[in-house]
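Below is the file structure_31.cif, which contains mmCIF, C-alpha atoms.
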```cif
data_model
loop_
_atom_site.group_PDB
_atom_site.id
_atom_site.type_symbol
_atom_site.label_atom_id
_atom_site.label_comp_id
_atom_site.auth_asym_id
_atom_site.auth_seq_id
_atom_site.Cartn_x
_atom_site.Cartn_y
_atom_site.Cartn_z
ATOM 1 C CA MET A 29 8.925 19.182 30.374
ATOM 2 C CA MET A 30 5.745 21.209 30.796
ATOM 3 C CA GLY A 31 4.576 20.155 27.320
ATOM 4 C CA ARG A 32 4.948 16.461 28.152
ATOM 5 C CA LEU A 33 3.101 16.936 31.435
ATOM 6 C CA GLN A 34 0.231 18.695 29.677
ATOM 7 C CA GLU A 35 0.019 15.880 27.143
ATOM 8 C CA ARG A 36 -0.125 13.294 29.968
ATOM 9 C CA ILE A 37 -2.942 15.259 31.597
ATOM 10 C CA ARG A 38 -4.860 15.445 28.310
ATOM 11 C CA THR A 39 -4.387 11.685 27.837
ATOM 12 C CA ALA A 40 -5.728 10.998 31.337
ATOM 13 C CA LEU A 41 -8.746 13.256 30.741
ATOM 14 C CA ARG A 42 -9.536 11.512 27.447
ATOM 15 C CA ALA A 43 -9.292 8.153 29.187
ATOM 16 C CA PHE A 44 -11.678 9.313 31.908
ATOM 17 C CA GLU A 45 -14.178 10.605 29.335
ATOM 18 C CA GLU A 46 -14.039 7.327 27.418
ATOM 19 C CA GLY A 47 -14.170 4.838 30.239
ATOM 20 C CA GLY A 48 -14.207 6.413 33.683
ATOM 21 C CA LEU A 49 -11.713 5.932 36.493
ATOM 22 C CA LYS A 50 -10.889 2.337 35.495
ATOM 23 C CA TRP A 51 -9.715 3.553 32.069
ATOM 24 C CA VAL A 52 -7.539 6.219 33.725
ATOM 25 C CA VAL A 53 -5.862 3.635 35.963
ATOM 26 C CA LEU A 54 -5.249 1.279 33.037
ATOM 27 C CA THR A 55 -3.878 4.119 30.895
ATOM 28 C CA ILE A 56 -1.421 5.013 33.648
ATOM 29 C CA TRP A 57 -0.397 1.367 33.876
ATOM 30 C CA ARG A 58 0.287 1.277 30.142
ATOM 31 C CA TYR A 59 2.511 4.323 30.452
ATOM 32 C CA LEU A 60 4.452 2.808 33.342
ATOM 33 C CA LEU A 61 4.766 -0.520 31.571
ATOM 34 C CA PHE A 62 5.853 0.615 28.112
ATOM 35 C CA TRP A 63 7.217 4.178 28.128
ATOM 36 C CA SER A 64 8.258 5.270 31.610
ATOM 37 C CA PRO A 65 11.812 5.002 32.959
ATOM 38 C CA MET A 66 10.519 2.072 35.030
ATOM 39 C CA ALA A 67 9.487 0.088 31.933
ATOM 40 C CA PRO A 68 12.593 -2.197 31.919
ATOM 41 C CA LEU A 69 11.872 -3.212 35.519
ATOM 42 C CA PHE A 70 8.221 -3.987 34.752
ATOM 43 C CA GLU A 71 9.286 -5.987 31.710
ATOM 44 C CA GLN A 72 11.156 -8.373 34.010
ATOM 45 C CA ARG A 73 8.226 -8.726 36.407
ATOM 46 C CA ILE A 74 5.080 -8.909 34.282
ATOM 47 C CA SER A 75 4.031 -11.918 32.215
ATOM 48 C CA GLU A 76 3.565 -11.727 28.459
ATOM 49 C CA ILE A 77 -0.168 -12.350 28.920
ATOM 50 C CA HIS A 78 -0.557 -9.282 31.121
ATOM 51 C CA ARG A 79 1.587 -7.216 28.767
ATOM 52 C CA GLU A 80 -0.686 -8.184 25.879
ATOM 53 C CA LYS A 81 -3.789 -7.304 27.880
ATOM 54 C CA LEU A 82 -2.417 -3.926 28.897
ATOM 55 C CA SER A 83 -1.181 -3.070 25.411
ATOM 56 C CA ASN A 84 -4.373 -4.053 23.575
ATOM 57 C CA PHE A 85 -7.384 -3.314 25.788
ATOM 58 C CA ARG A 86 -7.731 0.324 24.777
ATOM 59 C CA ASN A 87 -7.780 -0.381 21.056
ATOM 60 C CA ILE A 88 -10.044 -3.439 21.061
ATOM 61 C CA GLY A 89 -12.428 -1.875 23.589
ATOM 62 C CA TYR A 90 -12.508 -4.568 26.279
ATOM 63 C CA TRP A 91 -10.255 -6.494 28.658
ATOM 64 C CA PRO A 92 -9.102 -9.519 26.618
ATOM 65 C CA GLN A 93 -9.429 -13.103 27.763
ATOM 66 C CA ILE A 94 -6.390 -14.849 26.308
ATOM 67 C CA ARG A 95 -6.060 -18.326 27.827
ATOM 68 C CA ASP A 96 -9.604 -19.239 26.758
ATOM 69 C CA PRO A 97 -10.147 -16.856 23.819
ATOM 70 C CA ARG A 98 -13.544 -16.059 22.347
ATOM 71 C CA SER A 99 -13.170 -13.075 20.015
ATOM 72 C CA PHE A 100 -11.082 -12.737 16.866
ATOM 73 C CA ASN A 101 -8.558 -10.399 18.503
ATOM 74 C CA GLU A 102 -8.242 -12.687 21.520
ATOM 75 C CA LYS A 103 -7.529 -15.654 19.259
ATOM 76 C CA VAL A 104 -4.881 -13.683 17.354
ATOM 77 C CA ILE A 105 -3.153 -12.895 20.663
ATOM 78 C CA HIS A 106 -3.516 -16.524 21.743
ATOM 79 C CA ARG A 107 -1.833 -17.614 18.499
ATOM 80 C CA LYS A 108 1.117 -15.323 19.232
ATOM 81 C CA LEU A 109 1.661 -16.627 22.756
ATOM 82 C CA PHE A 110 0.692 -20.299 22.581
ATOM 83 C CA THR A 111 1.798 -21.612 19.186
ATOM 84 C CA ASP A 112 5.113 -22.558 17.618
ATOM 85 C CA ASP A 113 4.547 -23.071 13.901
ATOM 86 C CA ASP A 114 7.392 -22.858 11.396
ATOM 87 C CA GLN A 115 4.893 -22.416 8.573
ATOM 88 C CA TYR A 116 4.003 -18.974 9.927
ATOM 89 C CA THR A 117 7.591 -17.935 9.264
ATOM 90 C CA THR A 118 7.395 -19.185 5.684
ATOM 91 C CA VAL A 119 4.158 -17.439 4.764
ATOM 92 C CA GLU A 120 5.057 -14.147 6.464
ATOM 93 C CA ASP A 121 8.442 -13.984 4.697
ATOM 94 C CA LYS A 122 7.734 -11.886 1.591
ATOM 95 C CA TRP A 123 10.422 -13.731 -0.350
ATOM 96 C CA ALA A 124 9.961 -17.313 0.880
ATOM 97 C CA VAL A 125 6.167 -17.126 0.488
ATOM 98 C CA ARG A 126 6.600 -17.010 -3.283
ATOM 99 C CA GLU A 127 7.655 -20.666 -3.270
ATOM 100 C CA TYR A 128 4.628 -21.473 -1.091
ATOM 101 C CA ILE A 129 2.420 -19.808 -3.736
ATOM 102 C CA ARG A 130 4.120 -21.596 -6.640
ATOM 103 C CA ASP A 131 3.383 -24.960 -5.019
ATOM 104 C CA ARG A 132 -0.353 -24.162 -4.828
ATOM 105 C CA ALA A 133 -1.325 -21.722 -7.565
ATOM 106 C CA GLU A 134 -0.462 -20.379 -10.994
ATOM 107 C CA THR A 135 2.749 -18.385 -10.977
ATOM 108 C CA GLU A 136 0.989 -15.625 -12.943
ATOM 109 C CA VAL A 137 -0.526 -14.342 -9.698
ATOM 110 C CA LEU A 138 2.907 -13.413 -8.357
ATOM 111 C CA PRO A 139 4.129 -9.851 -8.928
ATOM 112 C CA ASP A 140 7.329 -9.537 -10.931
ATOM 113 C CA VAL A 141 10.510 -9.344 -8.851
ATOM 114 C CA TYR A 142 13.438 -7.325 -10.164
ATOM 115 C CA HIS A 143 15.931 -7.902 -7.370
ATOM 116 C CA VAL A 144 16.337 -9.449 -3.907
ATOM 117 C CA THR A 145 19.306 -8.826 -1.627
ATOM 118 C CA ASP A 146 20.551 -8.378 1.919
ATOM 119 C CA ASN A 147 22.834 -5.550 0.768
ATOM 120 C CA PRO A 148 21.135 -2.392 -0.584
ATOM 121 C CA ASN A 149 24.388 -1.413 -2.325
ATOM 122 C CA THR A 150 23.793 -4.224 -4.821
ATOM 123 C CA ILE A 151 20.402 -2.915 -6.012
ATOM 124 C CA PRO A 152 20.873 -2.140 -9.753
ATOM 125 C CA PHE A 153 18.902 1.115 -9.803
ATOM 126 C CA GLU A 154 20.131 2.000 -13.287
ATOM 127 C CA ALA A 155 18.626 -1.237 -14.669
ATOM 128 C CA LEU A 156 15.251 -0.923 -12.917
ATOM 129 C CA PRO A 157 12.137 0.379 -14.687
ATOM 130 C CA ASP A 158 10.932 3.914 -14.012
ATOM 131 C CA GLU A 159 8.462 2.654 -11.391
ATOM 132 C CA PHE A 160 8.968 -0.024 -8.753
ATOM 133 C CA VAL A 161 8.399 -0.904 -5.100
ATOM 134 C CA VAL A 162 11.113 -1.561 -2.527
ATOM 135 C CA LYS A 163 10.119 -3.764 0.421
ATOM 136 C CA GLY A 164 11.556 -5.349 3.523
ATOM 137 C CA THR A 165 10.800 -9.066 3.536
ATOM 138 C CA HIS A 166 10.738 -9.467 7.322
ATOM 139 C CA GLY A 167 8.112 -7.058 8.631
ATOM 140 C CA SER A 168 5.068 -4.902 8.052
ATOM 141 C CA ASP A 169 4.953 -1.333 6.719
ATOM 142 C CA MET A 170 8.406 -1.639 5.168
ATOM 143 C CA ASN A 171 7.512 -0.242 1.748
ATOM 144 C CA CYS A 172 8.831 2.479 -0.517
ATOM 145 C CA PHE A 173 6.851 3.248 -3.682
ATOM 146 C CA VAL A 174 8.939 4.778 -6.446
ATOM 147 C CA GLU A 175 6.780 6.424 -9.124
ATOM 148 C CA ASP A 176 9.553 8.194 -11.027
ATOM 149 C CA LYS A 177 13.095 6.857 -10.873
ATOM 150 C CA SER A 178 14.505 10.144 -12.171
ATOM 151 C CA ASP A 179 13.450 11.816 -8.894
ATOM 152 C CA LEU A 180 14.838 9.051 -6.702
ATOM 153 C CA ASP A 181 17.363 9.847 -3.990
ATOM 154 C CA VAL A 182 19.372 6.620 -4.120
ATOM 155 C CA LYS A 183 21.362 7.448 -0.995
ATOM 156 C CA GLU A 184 18.165 8.028 0.983
ATOM 157 C CA ILE A 185 16.514 4.814 -0.141
ATOM 158 C CA LYS A 186 19.637 2.790 0.650
ATOM 159 C CA SER A 187 19.653 4.348 4.113
ATOM 160 C CA GLN A 188 15.993 3.391 4.572
ATOM 161 C CA CYS A 189 16.730 -0.166 3.481
ATOM 162 C CA ASN A 190 19.580 -0.437 5.984
ATOM 163 C CA GLU A 191 17.237 0.747 8.741
ATOM 164 C CA TRP A 192 14.797 -2.001 7.813
ATOM 165 C CA LEU A 193 17.546 -4.619 7.741
ATOM 166 C CA ASP A 194 18.638 -3.593 11.233
ATOM 167 C CA GLN A 195 15.139 -4.083 12.639
ATOM 168 C CA THR A 196 14.054 -7.244 14.428
ATOM 169 C CA TYR A 197 10.400 -6.822 13.621
ATOM 170 C CA GLY A 198 7.815 -8.449 15.854
ATOM 171 C CA GLU A 199 9.740 -8.513 19.118
ATOM 172 C CA CYS A 200 7.616 -5.895 20.853
ATOM 173 C CA THR A 201 4.354 -7.411 19.551
ATOM 174 C CA ASN A 202 5.243 -11.070 20.298
ATOM 175 C CA GLU A 203 4.966 -12.070 16.630
ATOM 176 C CA TYR A 204 7.725 -14.637 16.990
ATOM 177 C CA TRP A 205 7.707 -15.762 13.352
ATOM 178 C CA TYR A 206 9.135 -12.436 12.185
ATOM 179 C CA THR A 207 12.236 -12.900 14.322
ATOM 180 C CA GLU A 208 13.002 -16.093 12.387
ATOM 181 C CA ILE A 209 12.874 -14.482 8.929
ATOM 182 C CA GLN A 210 16.172 -13.628 7.234
ATOM 183 C CA PRO A 211 16.033 -9.860 6.592
ATOM 184 C CA ARG A 212 16.173 -9.040 2.884
ATOM 185 C CA ILE A 213 15.210 -6.242 0.528
ATOM 186 C CA LEU A 214 12.822 -7.068 -2.294
ATOM 187 C CA VAL A 215 12.345 -4.892 -5.386
ATOM 188 C CA GLU A 216 9.192 -5.689 -7.323
ATOM 189 C CA GLU A 217 6.775 -4.256 -9.865
ATOM 190 C CA TYR A 218 4.592 -1.231 -9.206
ATOM 191 C CA LEU A 219 0.914 -2.082 -9.699
ATOM 192 C CA HIS A 220 -1.407 0.413 -11.378
ATOM 193 C CA ASP A 221 -5.167 0.831 -11.538
ATOM 194 C CA ASP A 222 -7.184 3.108 -13.816
ATOM 195 C CA GLU A 223 -9.774 3.988 -11.162
ATOM 196 C CA TYR A 224 -7.898 4.230 -7.858
ATOM 197 C CA ASP A 225 -4.533 5.560 -6.655
ATOM 198 C CA THR A 226 -3.483 1.932 -6.262
ATOM 199 C CA PRO A 227 -5.428 -1.284 -6.968
ATOM 200 C CA VAL A 228 -8.023 -2.104 -4.307
ATOM 201 C CA ASP A 229 -6.520 -4.351 -1.640
ATOM 202 C CA PHE A 230 -8.890 -7.292 -1.109
ATOM 203 C CA LYS A 231 -8.183 -9.009 2.207
ATOM 204 C CA PHE A 232 -9.911 -12.384 2.390
ATOM 205 C CA LEU A 233 -10.578 -13.709 5.900
ATOM 206 C CA VAL A 234 -10.193 -17.474 5.513
ATOM 207 C CA PHE A 235 -11.336 -19.718 8.372
ATOM 208 C CA HIS A 236 -10.614 -23.451 8.056
ATOM 209 C CA GLY A 237 -10.245 -23.118 4.295
ATOM 210 C CA SER A 238 -13.426 -21.111 3.746
ATOM 211 C CA VAL A 239 -13.746 -17.386 2.993
ATOM 212 C CA LYS A 240 -16.212 -15.762 5.402
ATOM 213 C CA TYR A 241 -15.608 -12.050 4.847
ATOM 214 C CA VAL A 242 -13.565 -9.722 2.654
ATOM 215 C CA GLU A 243 -12.003 -6.447 3.729
ATOM 216 C CA THR A 244 -11.508 -3.851 1.010
ATOM 217 C CA HIS A 245 -8.886 -1.126 1.380
ATOM 218 C CA VAL A 246 -9.551 1.689 -1.078
ATOM 219 C CA THR A 247 -7.069 4.557 -1.498
ATOM 220 C CA ARG A 248 -8.105 7.828 -3.106
ATOM 221 C CA SER A 249 -6.214 11.111 -2.901
ATOM 222 C CA GLY A 250 -3.844 9.463 -0.448
ATOM 223 C CA ASP A 251 -6.590 8.523 2.045
ATOM 224 C CA THR A 252 -7.321 4.856 2.787
ATOM 225 C CA THR A 253 -10.733 3.554 3.857
ATOM 226 C CA ASN A 254 -11.934 0.078 4.789
ATOM 227 C CA ARG A 255 -15.204 -1.723 4.079
ATOM 228 C CA ILE A 256 -16.073 -5.313 4.943
ATOM 229 C CA PHE A 257 -18.279 -7.482 2.720
ATOM 230 C CA ASP A 258 -19.735 -10.916 3.322
ATOM 231 C CA ARG A 259 -19.211 -13.740 0.846
ATOM 232 C CA ASN A 260 -22.315 -12.693 -1.100
ATOM 233 C CA TRP A 261 -20.867 -9.174 -1.446
ATOM 234 C CA ASN A 262 -23.254 -7.517 0.985
ATOM 235 C CA ALA A 263 -21.582 -4.461 2.532
ATOM 236 C CA LEU A 264 -21.434 -4.406 6.339
ATOM 237 C CA ASP A 265 -21.553 -1.322 8.528
ATOM 238 C CA VAL A 266 -18.454 -2.460 10.392
ATOM 239 C CA ARG A 267 -15.409 -0.274 10.908
ATOM 240 C CA TYR A 268 -12.000 -1.930 11.216
ATOM 241 C CA ASP A 269 -9.142 0.452 12.120
ATOM 242 C CA TYR A 270 -9.760 2.754 9.126
ATOM 243 C CA PRO A 271 -12.670 5.078 8.302
ATOM 244 C CA LEU A 272 -15.686 3.307 6.796
ATOM 245 C CA GLY A 273 -15.187 3.040 3.055
ATOM 246 C CA PRO A 274 -17.520 2.943 0.053
ATOM 247 C CA ALA A 275 -19.639 -0.051 -0.907
ATOM 248 C CA ILE A 276 -17.728 -0.680 -4.126
ATOM 249 C CA ASP A 277 -18.983 -2.968 -6.876
ATOM 250 C CA LYS A 278 -18.236 -6.658 -6.684
ATOM 251 C CA PRO A 279 -14.914 -7.231 -8.455
ATOM 252 C CA LYS A 280 -15.046 -8.890 -11.847
ATOM 253 C CA GLN A 281 -12.567 -11.563 -10.750
ATOM 254 C CA PHE A 282 -14.238 -12.183 -7.368
ATOM 255 C CA ASP A 283 -14.907 -15.905 -7.854
ATOM 256 C CA LYS A 284 -11.330 -16.472 -9.015
ATOM 257 C CA MET A 285 -9.984 -14.579 -5.999
ATOM 258 C CA VAL A 286 -12.173 -16.540 -3.569
ATOM 259 C CA GLY A 287 -10.920 -19.811 -5.046
ATOM 260 C CA LEU A 288 -7.308 -18.678 -4.816
ATOM 261 C CA ALA A 289 -7.734 -17.428 -1.234
ATOM 262 C CA GLU A 290 -9.258 -20.730 -0.141
ATOM 263 C CA THR A 291 -6.496 -22.706 -1.854
ATOM 264 C CA LEU A 292 -3.774 -20.665 -0.162
ATOM 265 C CA GLY A 293 -5.545 -20.785 3.211
ATOM 266 C CA ALA A 294 -6.413 -24.477 3.220
ATOM 267 C CA ASP A 295 -3.626 -25.438 5.651
ATOM 268 C CA PHE A 296 -4.660 -23.004 8.393
ATOM 269 C CA ASP A 297 -7.473 -22.636 10.904
ATOM 270 C CA PHE A 298 -7.268 -18.940 10.081
ATOM 271 C CA ILE A 299 -5.233 -16.828 7.695
ATOM 272 C CA ARG A 300 -5.773 -13.563 5.846
ATOM 273 C CA VAL A 301 -5.055 -13.671 2.120
ATOM 274 C CA ASP A 302 -4.427 -10.301 0.435
ATOM 275 C CA LEU A 303 -5.041 -10.063 -3.310
ATOM 276 C CA TYR A 304 -5.295 -7.297 -5.900
ATOM 277 C CA GLN A 305 -7.421 -7.011 -9.018
ATOM 278 C CA VAL A 306 -5.596 -4.849 -11.548
ATOM 279 C CA ASN A 307 -7.892 -2.987 -13.957
ATOM 280 C CA GLY A 308 -10.604 -5.588 -13.572
ATOM 281 C CA GLU A 309 -8.558 -8.360 -15.170
ATOM 282 C CA ARG A 310 -5.332 -9.485 -13.557
ATOM 283 C CA VAL A 311 -5.339 -11.055 -10.073
ATOM 284 C CA VAL A 312 -2.105 -10.435 -8.162
ATOM 285 C CA PHE A 313 -0.979 -11.893 -4.843
ATOM 286 C CA GLY A 314 -0.229 -9.401 -2.065
ATOM 287 C CA GLU A 315 0.643 -11.199 1.152
ATOM 288 C CA LEU A 316 -0.439 -13.749 3.759
ATOM 289 C CA THR A 317 -1.016 -12.610 7.334
ATOM 290 C CA VAL A 318 -1.426 -14.888 10.351
ATOM 291 C CA ALA A 319 -1.982 -12.189 13.004
ATOM 292 C CA PRO A 320 -3.881 -9.163 11.638
ATOM 293 C CA ALA A 321 -3.121 -6.002 13.627
ATOM 294 C CA ALA A 322 -1.245 -8.273 16.083
ATOM 295 C CA GLY A 323 -4.551 -8.735 17.922
ATOM 296 C CA SER A 324 -5.185 -5.039 18.512
ATOM 297 C CA GLY A 325 -7.644 -4.382 15.689
ATOM 298 C CA ASN A 326 -10.335 -1.832 16.488
ATOM 299 C CA LEU A 327 -13.577 -3.447 15.316
ATOM 300 C CA GLU A 328 -16.816 -1.495 15.682
ATOM 301 C CA PRO A 329 -19.262 -2.779 16.723
ATOM 302 C CA ILE A 330 -17.363 -4.986 19.147
ATOM 303 C CA GLU A 331 -19.903 -7.761 18.604
ATOM 304 C CA PHE A 332 -18.402 -8.354 15.166
ATOM 305 C CA ASP A 333 -15.057 -9.136 16.805
ATOM 306 C CA PHE A 334 -16.773 -11.987 18.644
ATOM 307 C CA GLU A 335 -18.653 -13.114 15.519
ATOM 308 C CA LEU A 336 -15.357 -13.453 13.665
ATOM 309 C CA GLY A 337 -13.969 -15.390 16.611
ATOM 310 C CA SER A 338 -16.855 -17.865 16.391
ATOM 311 C CA TYR A 339 -15.630 -19.017 12.950
ATOM 312 C CA TRP A 340 -12.145 -19.778 14.273
ATOM 313 C CA ASN A 341 -12.000 -23.100 16.092
ATOM 314 C CA GLU A 342 -8.432 -23.575 17.246
#
```
Can you turn what I pasted into structure tokens?
Amino acid sequence: MMGRLQERIRTALRAFEEGGLKWVVLTIWRYLLFWSPMAPLFEQRISEIHREKLSNFRNIGYWPQIRDPRSFNEKVIHRKLFTDDDQYTTVEDKWAVREYIRDRAETEVLPDVYHVTDNPNTIPFEALPDEFVVKGTHGSDMNCFVEDKSDLDVKEIKSQCNEWLDQTYGECTNEYWYTEIQPRILVEEYLHDDEYDTPVDFKFLVFHGSVKYVETHVTRSGDTTNRIFDRNWNALDVRYDYPLGPAIDKPKQFDKMVGLAETLGADFDFIRVDLYQVNGERVVFGELTVAPAAGSGNLEPIEFDFELGSYWNE
């Protein structure tokens, strides 16, 4: 009990140091709204708009304006609360999106799939290659990377898969499209890169069919960094959730990836298209995302959040 109280005091002091008394009051409100024993009562009384404001203001660095959004994060939140688009469900479903890709691009960009199921007991582990990736199709951060099958605890991975299948992802973040995806487990190929722990994750920000910026997620020694580049591959001093990463060289397949990202994003006013370049040659599709960070992305400087929002005309 004393430990929890001390942690609450430290949280309040940090809030005061960061933003004064107003930040303290808002931090207390967030605790009452989301984690206190009174949270269920508040959930019945407070609108979704106010819940989004209270849950996101600390991370984005300002009090969001949602009904008439201006910034990128505000427009992501607005999309969650004021749209009803079945296509979001299709492109966020890691299994169904493959058909969406096949209708618009060469199938060679799709990673190989070894198995898909809604029952982990049917996964044929003995027939899988030594390396593979196990994913949940209906949410984010549902990944298990298997580098050596001989060291695999099959019982543990089946248990993890069942936990994923039991989750209704997106409920607490108002990402309604996830709740409409049939939960499945996908087993697909493990991608390698000669230079990095995993191939660089290129995240193309596509507004009205045009790539404006590219995020790069680079992983070395288990640590991930992020760097944003403009379309001419000029590195920006903008931090987005992760530590600022290196200004890596322009990828050899950049023009091909831009063309693919714009093809896949042509039907949307905004979408993020994630692609990999494997060993400088092969371009591989990662995923499509309609609400990056669910509207809580920490962009520094904040002005860049509003610049991104200016490209998105809903």
Practice task
Find the residue from A:Leu336, A:Val182, A:Ile209, A:Val242 that sits nearest to Pro279 of chain A; use all atoms listed in the file when measuring.
Solution key: A:Val242
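The smallest atom-to-atom distance between Val162 of chain A and any of A:Arg130, A:Lys122, A:Tyr197, A:Leu109, using all atoms listed in the file, is found for A:Lys122.
Taken over the shown file, the PyMOL selection byres ((chain A and resi 230) around 10) identifies Pro227, Val228, Asp229, Lys231, Phe232, Leu233, Val242, Glu243, Thr244, His245, Val246, Asn254, Arg255, Ile256, Pro279, Phe282, Met285, Arg300, Val301, Asp302, Leu303, Tyr304, Gln305, Phe313 and Gly314 of chain A.
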Completion exercise
From atom CA of Lys284 of chain A to atom CA of Arg310 of chain A the spacing works out at 10.3 Å
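The residues caught by the PyMOL selection byres ((chain A and resi 174-179) around 7) in this file are Asp158, Glu159, Phe160, Val161, Cys172, Phe173, Leu180 and Asp181 of chain A.
Separating atom CA of Asp283 of chain A from atom CA of Phe235 of chain A is a distance of 17.0 Å.
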Problem - Length of the atom CA of Cys189 of chain A to atom CA of Glu315 of chain A vector [Å] - result: 19.6 Å
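The protein and nucleic acid residues lying at most 8 Å from Val104 of chain A are Phe100, Asn101, Glu102, His106, Arg107, Lys108, Val318, Ala319, Pro320, Ala322 and Gly323 of chain A, with all atoms listed in the file considered and sequence neighbours fewer than 2 positions away removed.
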Practice task
Determine, counting only C-alpha atoms, every residue of protein, DNA or RNA that lies within 9 Å of (1.3, -20.8, 8.2) in the file coordinates, then give the result as a VMD selection string.
Solution key: chain A and resid 113 to 120 293 295 to 296 298 to 299 316 to 318
Problem - Evaluate the PyMOL selection byres ((chain A and resi 247-252) around 6) and report residues as a list in words - result: Tyr224, Asp225, Val246 and Thr253 of chain A
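Each of A:Glu184, A:Thr150, A:Ile213, A:Tyr128 was compared to Met170 of chain A using all atoms listed in the file, and A:Ile213 turns out to be the nearest.
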Practice task
Within 10 Å of Glu76 of chain A, counting all atoms listed in the file, which residues show up once you throw out same-chain ones fewer than 5 positions away? Write them as a PyMOL selection string, please.
Solution key: chain A and resi 71+81-82+109+201-202
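Comparing A:Gln281, A:Asn326, A:Thr165, A:Ser99 by their smallest distance to Asp269 of chain A, the closest is A:Asn326 (using all atoms listed in the file).
Non-sequential neighbours of Asn190 of chain A (distance at most 10 Å, separation of 5 or more positions within a chain, only C-alpha atoms) are Asp146, Asn147, Pro148, Asn149, Gly164, Glu184, Ile185, Gln195, Arg212 and Ile213 of chain A.
For the choices A:Asp121, A:Glu127, A:Glu199, A:Glu309, the atom-to-atom distance to Lys163 of chain A is smallest for A:Asp121 when using only C-alpha atoms.
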Box time for segment 201-217 of chain A: axis-aligned, enclosing all its listed atoms, 4 Å extra on each side; report centre and edge lengths in Å to one decimal, as lines of an AutoDock Vina configuration file.
```
center_x = 10.3
center_y = -10.2
center_z = 5.2
size_x = 19.8
size_y = 19.8
size_z = 38.2
```
May I ask you to restore N, CA and C atoms in segment 220-234 of chain A and write the result as an mmCIF file, keeping the file's coordinate frame?
```cif
data_model
loop_
_atom_site.group_PDB
_atom_site.id
_atom_site.type_symbol
_atom_site.label_atom_id
_atom_site.label_comp_id
_atom_site.auth_asym_id
_atom_site.auth_seq_id
_atom_site.Cartn_x
_atom_site.Cartn_y
_atom_site.Cartn_z
ATOM 1 N N HIS A 220 -0.595 -0.753 -11.042
ATOM 2 C CA HIS A 220 -1.407 0.413 -11.378
ATOM 3 C C HIS A 220 -2.872 0.027 -11.485
ATOM 4 N N ASP A 221 -3.741 1.025 -11.323
ATOM 5 C CA ASP A 221 -5.167 0.831 -11.538
ATOM 6 C C ASP A 221 -5.731 2.105 -12.156
ATOM 7 N N ASP A 222 -6.644 1.944 -13.108
ATOM 8 C CA ASP A 222 -7.184 3.108 -13.816
ATOM 9 C C ASP A 222 -8.150 3.929 -12.970
ATOM 10 N N GLU A 223 -8.738 3.299 -11.929
ATOM 11 C CA GLU A 223 -9.774 3.988 -11.162
ATOM 12 C C GLU A 223 -9.276 4.548 -9.839
ATOM 13 N N TYR A 224 -8.342 3.853 -9.190
ATOM 14 C CA TYR A 224 -7.898 4.230 -7.858
ATOM 15 C C TYR A 224 -6.408 4.599 -7.870
ATOM 16 N N ASP A 225 -5.952 5.223 -6.769
ATOM 17 C CA ASP A 225 -4.533 5.560 -6.655
ATOM 18 C C ASP A 225 -3.677 4.307 -6.819
ATOM 19 N N THR A 226 -4.098 3.242 -6.145
ATOM 20 C CA THR A 226 -3.483 1.932 -6.262
ATOM 21 C C THR A 226 -4.611 0.911 -6.374
ATOM 22 N N PRO A 227 -4.358 -0.281 -6.901
ATOM 23 C CA PRO A 227 -5.428 -1.284 -6.968
ATOM 24 C C PRO A 227 -6.032 -1.546 -5.591
ATOM 25 N N VAL A 228 -7.350 -1.795 -5.568
ATOM 26 C CA VAL A 228 -8.023 -2.104 -4.307
ATOM 27 C C VAL A 228 -7.370 -3.329 -3.682
ATOM 28 N N ASP A 229 -7.114 -3.247 -2.388
ATOM 29 C CA ASP A 229 -6.520 -4.351 -1.640
ATOM 30 C C ASP A 229 -7.652 -5.182 -1.049
ATOM 31 N N PHE A 230 -7.849 -6.382 -1.587
ATOM 32 C CA PHE A 230 -8.890 -7.292 -1.109
ATOM 33 C C PHE A 230 -8.269 -8.255 -0.114
ATOM 34 N N LYS A 231 -8.736 -8.192 1.130
ATOM 35 C CA LYS A 231 -8.183 -9.009 2.207
ATOM 36 C C LYS A 231 -9.211 -10.065 2.605
ATOM 37 N N PHE A 232 -8.970 -11.289 2.182
ATOM 38 C CA PHE A 232 -9.911 -12.384 2.390
ATOM 39 C C PHE A 232 -9.650 -13.048 3.743
ATOM 40 N N LEU A 233 -10.682 -13.079 4.591
ATOM 41 C CA LEU A 233 -10.578 -13.709 5.900
ATOM 42 C C LEU A 233 -10.988 -15.171 5.748
ATOM 43 N N VAL A 234 -9.988 -16.053 5.805
ATOM 44 C CA VAL A 234 -10.193 -17.474 5.513
ATOM 45 C C VAL A 234 -10.130 -18.274 6.811
#
```
